[in-house]
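Novice: This is the structure I want to talk about, given as structure tokens.
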Amino acid sequence: MVKEILALRLRVAPDHLSDALTLEDLGMDSLLLAESLTALESRFDVVIDPLRFAERLTPSLPLGDLIAELAAQIGAAR
């Protein structure tokens, strides 16, 4: 579900999002990431703390790592 929400924000099909792609590859900037986090918070009725992974949040971060971190935060908040 996390990948589907990110795909919607990126305007691509979820099956086009490889876990190996980096945020830079996807053109995900800080504004798009913030919008995605807000969408995830609304969808799952949770609060996501971006500071938990802020140090790792670089353009070279693989999408799979971002999704895993977000899924863990959502799971912990529920």
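For the structure tokens, the naming scheme is as follows: chains receive sequential letters (A, B, ...) according to their order of presentation, residues are indexed from 1 within each chain, and ligands are indexed from 1 in presentation order.
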Among region 19-62 of chain A, which ones does DSSP assign to helix (DSSP H, G or I) (computed from the backbone)? Answer as a ChimeraX atom specification.
Specialist: /A:23-26,30-44,50-52
Novice: Extract, using only C-alpha atoms, all DNA, RNA and protein residues at most 10 Å from region 41-48 of chain A, discarding same-chain residues fewer than 5 positions from it, and format them as a PDB file with C-alpha atoms, in the first residue's frame.
Specialist:
ATOM      1  CA  MET A   1       0.000   0.000   0.000  1.00  0.00           C
ATOM      2  CA  VAL A   2       2.904   2.382   0.750  1.00  0.00           C
ATOM      3  CA  ILE A   5       0.573   5.828  -2.510  1.00  0.00           C
ATOM      4  CA  GLU A  35       3.197  15.437   0.305  1.00  0.00           C
ATOM      5  CA  SER A  36       3.663  11.666   0.226  1.00  0.00           C
ATOM      6  CA  LEU A  70       7.764   3.996   6.305  1.00  0.00           C
ATOM      7  CA  ALA A  71       6.041   0.618   6.645  1.00  0.00           C
ATOM      8  CA  ALA A  72       7.825   0.041   9.974  1.00  0.00           C
ATOM      9  CA  GLN A  73       6.739   3.444  11.275  1.00  0.00           C
ATOM     10  CA  ILE A  74       3.154   2.877  10.165  1.00  0.00           C
ATOM     11  CA  GLY A  75       3.118  -0.574  11.740  1.00  0.00           C
ATOM     12  CA  ALA A  76       4.554   0.733  15.011  1.00  0.00           C
ATOM     13  CA  ALA A  77       2.028   3.561  15.151  1.00  0.00           C
ATOM     14  CA  ARG A  78      -0.995   1.311  14.736  1.00  0.00           C
TER      15      ARG A  78
END
Novice: Could you jot down the CA of Leu51 (chain A) to CA of Val12 (chain A) separation for me, Å, one decimal place?
Specialist: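 Going from CA of Leu51 (chain A) over to CA of Val12 (chain A) covers 26.8 Å.
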Novice: Need the shell around Asp19 (chain A): protein/DNA/RNA residues with any atom at most 10 Å away, counting only C-alpha atoms. Skip same-chain ones fewer than 3 positions apart. Format as a ChimeraX atom specification?
Specialist: /A:3,16,22,62-68
Novice: Using all heavy atoms, can you write the selected residues to a file as a PDB file, in the first residue's frame?
Specialist:
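Produced file part17.pdb, reproduced below:
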ATOM      1  N   LYS A   3       3.806   1.649  -1.376  1.00  0.00           N
ATOM      2  CA  LYS A   3       4.319   1.840  -2.739  1.00  0.00           C
ATOM      3  C   LYS A   3       3.229   2.411  -3.644  1.00  0.00           C
ATOM      4  O   LYS A   3       3.505   3.264  -4.476  1.00  0.00           O
ATOM      5  CB  LYS A   3       4.837   0.523  -3.307  1.00  0.00           C
ATOM      6  CG  LYS A   3       5.550   0.685  -4.640  1.00  0.00           C
ATOM      7  CD  LYS A   3       6.074  -0.618  -5.173  1.00  0.00           C
ATOM      8  CE  LYS A   3       7.480  -0.817  -4.706  1.00  0.00           C
ATOM      9  NZ  LYS A   3       8.150  -1.944  -5.374  1.00  0.00           N
ATOM     10  N   HIS A  16       6.115  -0.025 -11.869  1.00  0.00           N
ATOM     11  CA  HIS A  16       7.287   0.642 -12.447  1.00  0.00           C
ATOM     12  C   HIS A  16       8.251   1.143 -11.379  1.00  0.00           C
ATOM     13  O   HIS A  16       9.294   1.714 -11.709  1.00  0.00           O
ATOM     14  CB  HIS A  16       6.867   1.814 -13.340  1.00  0.00           C
ATOM     15  CG  HIS A  16       6.268   1.383 -14.631  1.00  0.00           C
ATOM     16  ND1 HIS A  16       4.957   1.613 -14.944  1.00  0.00           N
ATOM     17  CD2 HIS A  16       6.792   0.703 -15.685  1.00  0.00           C
ATOM     18  CE1 HIS A  16       4.705   1.111 -16.138  1.00  0.00           C
ATOM     19  NE2 HIS A  16       5.807   0.549 -16.609  1.00  0.00           N
ATOM     20  N   THR A  22      16.600   5.023  -6.813  1.00  0.00           N
ATOM     21  CA  THR A  22      16.860   5.984  -5.741  1.00  0.00           C
ATOM     22  C   THR A  22      15.832   7.119  -5.815  1.00  0.00           C
ATOM     23  O   THR A  22      15.130   7.277  -6.820  1.00  0.00           O
ATOM     24  CB  THR A  22      18.268   6.594  -5.870  1.00  0.00           C
ATOM     25  OG1 THR A  22      18.323   7.372  -7.075  1.00  0.00           O
ATOM     26  CG2 THR A  22      19.347   5.516  -5.863  1.00  0.00           C
ATOM     27  N   PRO A  62      17.740   4.236  -1.656  1.00  0.00           N
ATOM     28  CA  PRO A  62      16.903   3.365  -2.496  1.00  0.00           C
ATOM     29  C   PRO A  62      15.448   3.404  -2.040  1.00  0.00           C
ATOM     30  O   PRO A  62      15.157   3.478  -0.846  1.00  0.00           O
ATOM     31  CB  PRO A  62      17.497   1.969  -2.281  1.00  0.00           C
ATOM     32  CG  PRO A  62      18.876   2.204  -1.759  1.00  0.00           C
ATOM     33  CD  PRO A  62      18.786   3.480  -0.974  1.00  0.00           C
ATOM     34  N   LEU A  63      14.552   3.338  -2.992  1.00  0.00           N
ATOM     35  CA  LEU A  63      13.129   3.368  -2.701  1.00  0.00           C
ATOM     36  C   LEU A  63      12.734   2.241  -1.743  1.00  0.00           C
ATOM     37  O   LEU A  63      11.921   2.442  -0.846  1.00  0.00           O
ATOM     38  CB  LEU A  63      12.321   3.269  -4.001  1.00  0.00           C
ATOM     39  CG  LEU A  63      10.815   3.286  -3.846  1.00  0.00           C
ATOM     40  CD1 LEU A  63      10.352   4.601  -3.230  1.00  0.00           C
ATOM     41  CD2 LEU A  63      10.139   3.045  -5.181  1.00  0.00           C
ATOM     42  N   GLY A  64      13.324   1.078  -1.917  1.00  0.00           N
ATOM     43  CA  GLY A  64      13.009  -0.048  -1.041  1.00  0.00           C
ATOM     44  C   GLY A  64      13.303   0.257   0.417  1.00  0.00           C
ATOM     45  O   GLY A  64      12.532  -0.133   1.306  1.00  0.00           O
ATOM     46  N   ASP A  65      14.390   0.968   0.685  1.00  0.00           N
ATOM     47  CA  ASP A  65      14.736   1.347   2.060  1.00  0.00           C
ATOM     48  C   ASP A  65      13.730   2.350   2.621  1.00  0.00           C
ATOM     49  O   ASP A  65      13.328   2.258   3.775  1.00  0.00           O
ATOM     50  CB  ASP A  65      16.141   1.944   2.129  1.00  0.00           C
ATOM     51  CG  ASP A  65      17.231   0.921   1.887  1.00  0.00           C
ATOM     52  OD1 ASP A  65      16.921  -0.278   1.699  1.00  0.00           O
ATOM     53  OD2 ASP A  65      18.412   1.318   1.865  1.00  0.00           O
ATOM     54  N   LEU A  66      13.326   3.308   1.792  1.00  0.00           N
ATOM     55  CA  LEU A  66      12.332   4.291   2.220  1.00  0.00           C
ATOM     56  C   LEU A  66      11.005   3.597   2.532  1.00  0.00           C
ATOM     57  O   LEU A  66      10.397   3.850   3.580  1.00  0.00           O
ATOM     58  CB  LEU A  66      12.125   5.358   1.145  1.00  0.00           C
ATOM     59  CG  LEU A  66      11.026   6.382   1.437  1.00  0.00           C
ATOM     60  CD1 LEU A  66      11.370   7.218   2.663  1.00  0.00           C
ATOM     61  CD2 LEU A  66      10.791   7.271   0.228  1.00  0.00           C
ATOM     62  N   ILE A  67      10.578   2.704   1.666  1.00  0.00           N
ATOM     63  CA  ILE A  67       9.322   1.995   1.872  1.00  0.00           C
ATOM     64  C   ILE A  67       9.378   1.142   3.136  1.00  0.00           C
ATOM     65  O   ILE A  67       8.429   1.125   3.923  1.00  0.00           O
ATOM     66  CB  ILE A  67       8.957   1.154   0.638  1.00  0.00           C
ATOM     67  CG1 ILE A  67       8.577   2.083  -0.512  1.00  0.00           C
ATOM     68  CG2 ILE A  67       7.830   0.169   0.945  1.00  0.00           C
ATOM     69  CD1 ILE A  67       8.391   1.387  -1.839  1.00  0.00           C
ATOM     70  N   ALA A  68      10.484   0.457   3.347  1.00  0.00           N
ATOM     71  CA  ALA A  68      10.623  -0.369   4.546  1.00  0.00           C
ATOM     72  C   ALA A  68      10.548   0.471   5.815  1.00  0.00           C
ATOM     73  O   ALA A  68       9.880   0.089   6.790  1.00  0.00           O
ATOM     74  CB  ALA A  68      11.942  -1.151   4.497  1.00  0.00           C
TER      75      ALA A  68
END
Novice: Give the answer as one residue: which of A:Leu17, A:Leu33, A:Leu23, A:Leu6 has the shortest atom-to-atom distance to Pro59 (chain A), using only C-alpha atoms?
Specialist: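 Counting only C-alpha atoms, the residue closest to Pro59 (chain A) is A:Leu23.
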Novice: For CA of Ser30 (chain A) and CA of Leu61 (chain A), quote the distance in Å rounded to one decimal.
Specialist: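 CA of Leu61 (chain A) lies at a distance of 12.9 Å from CA of Ser30 (chain A).
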Novice: For the atom pair CA of Glu55 (chain A) and CA of Glu4 (chain A), what is the interatomic distance in Å to one decimal place?
Specialist: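 These two atoms are separated by 24.5 Å.
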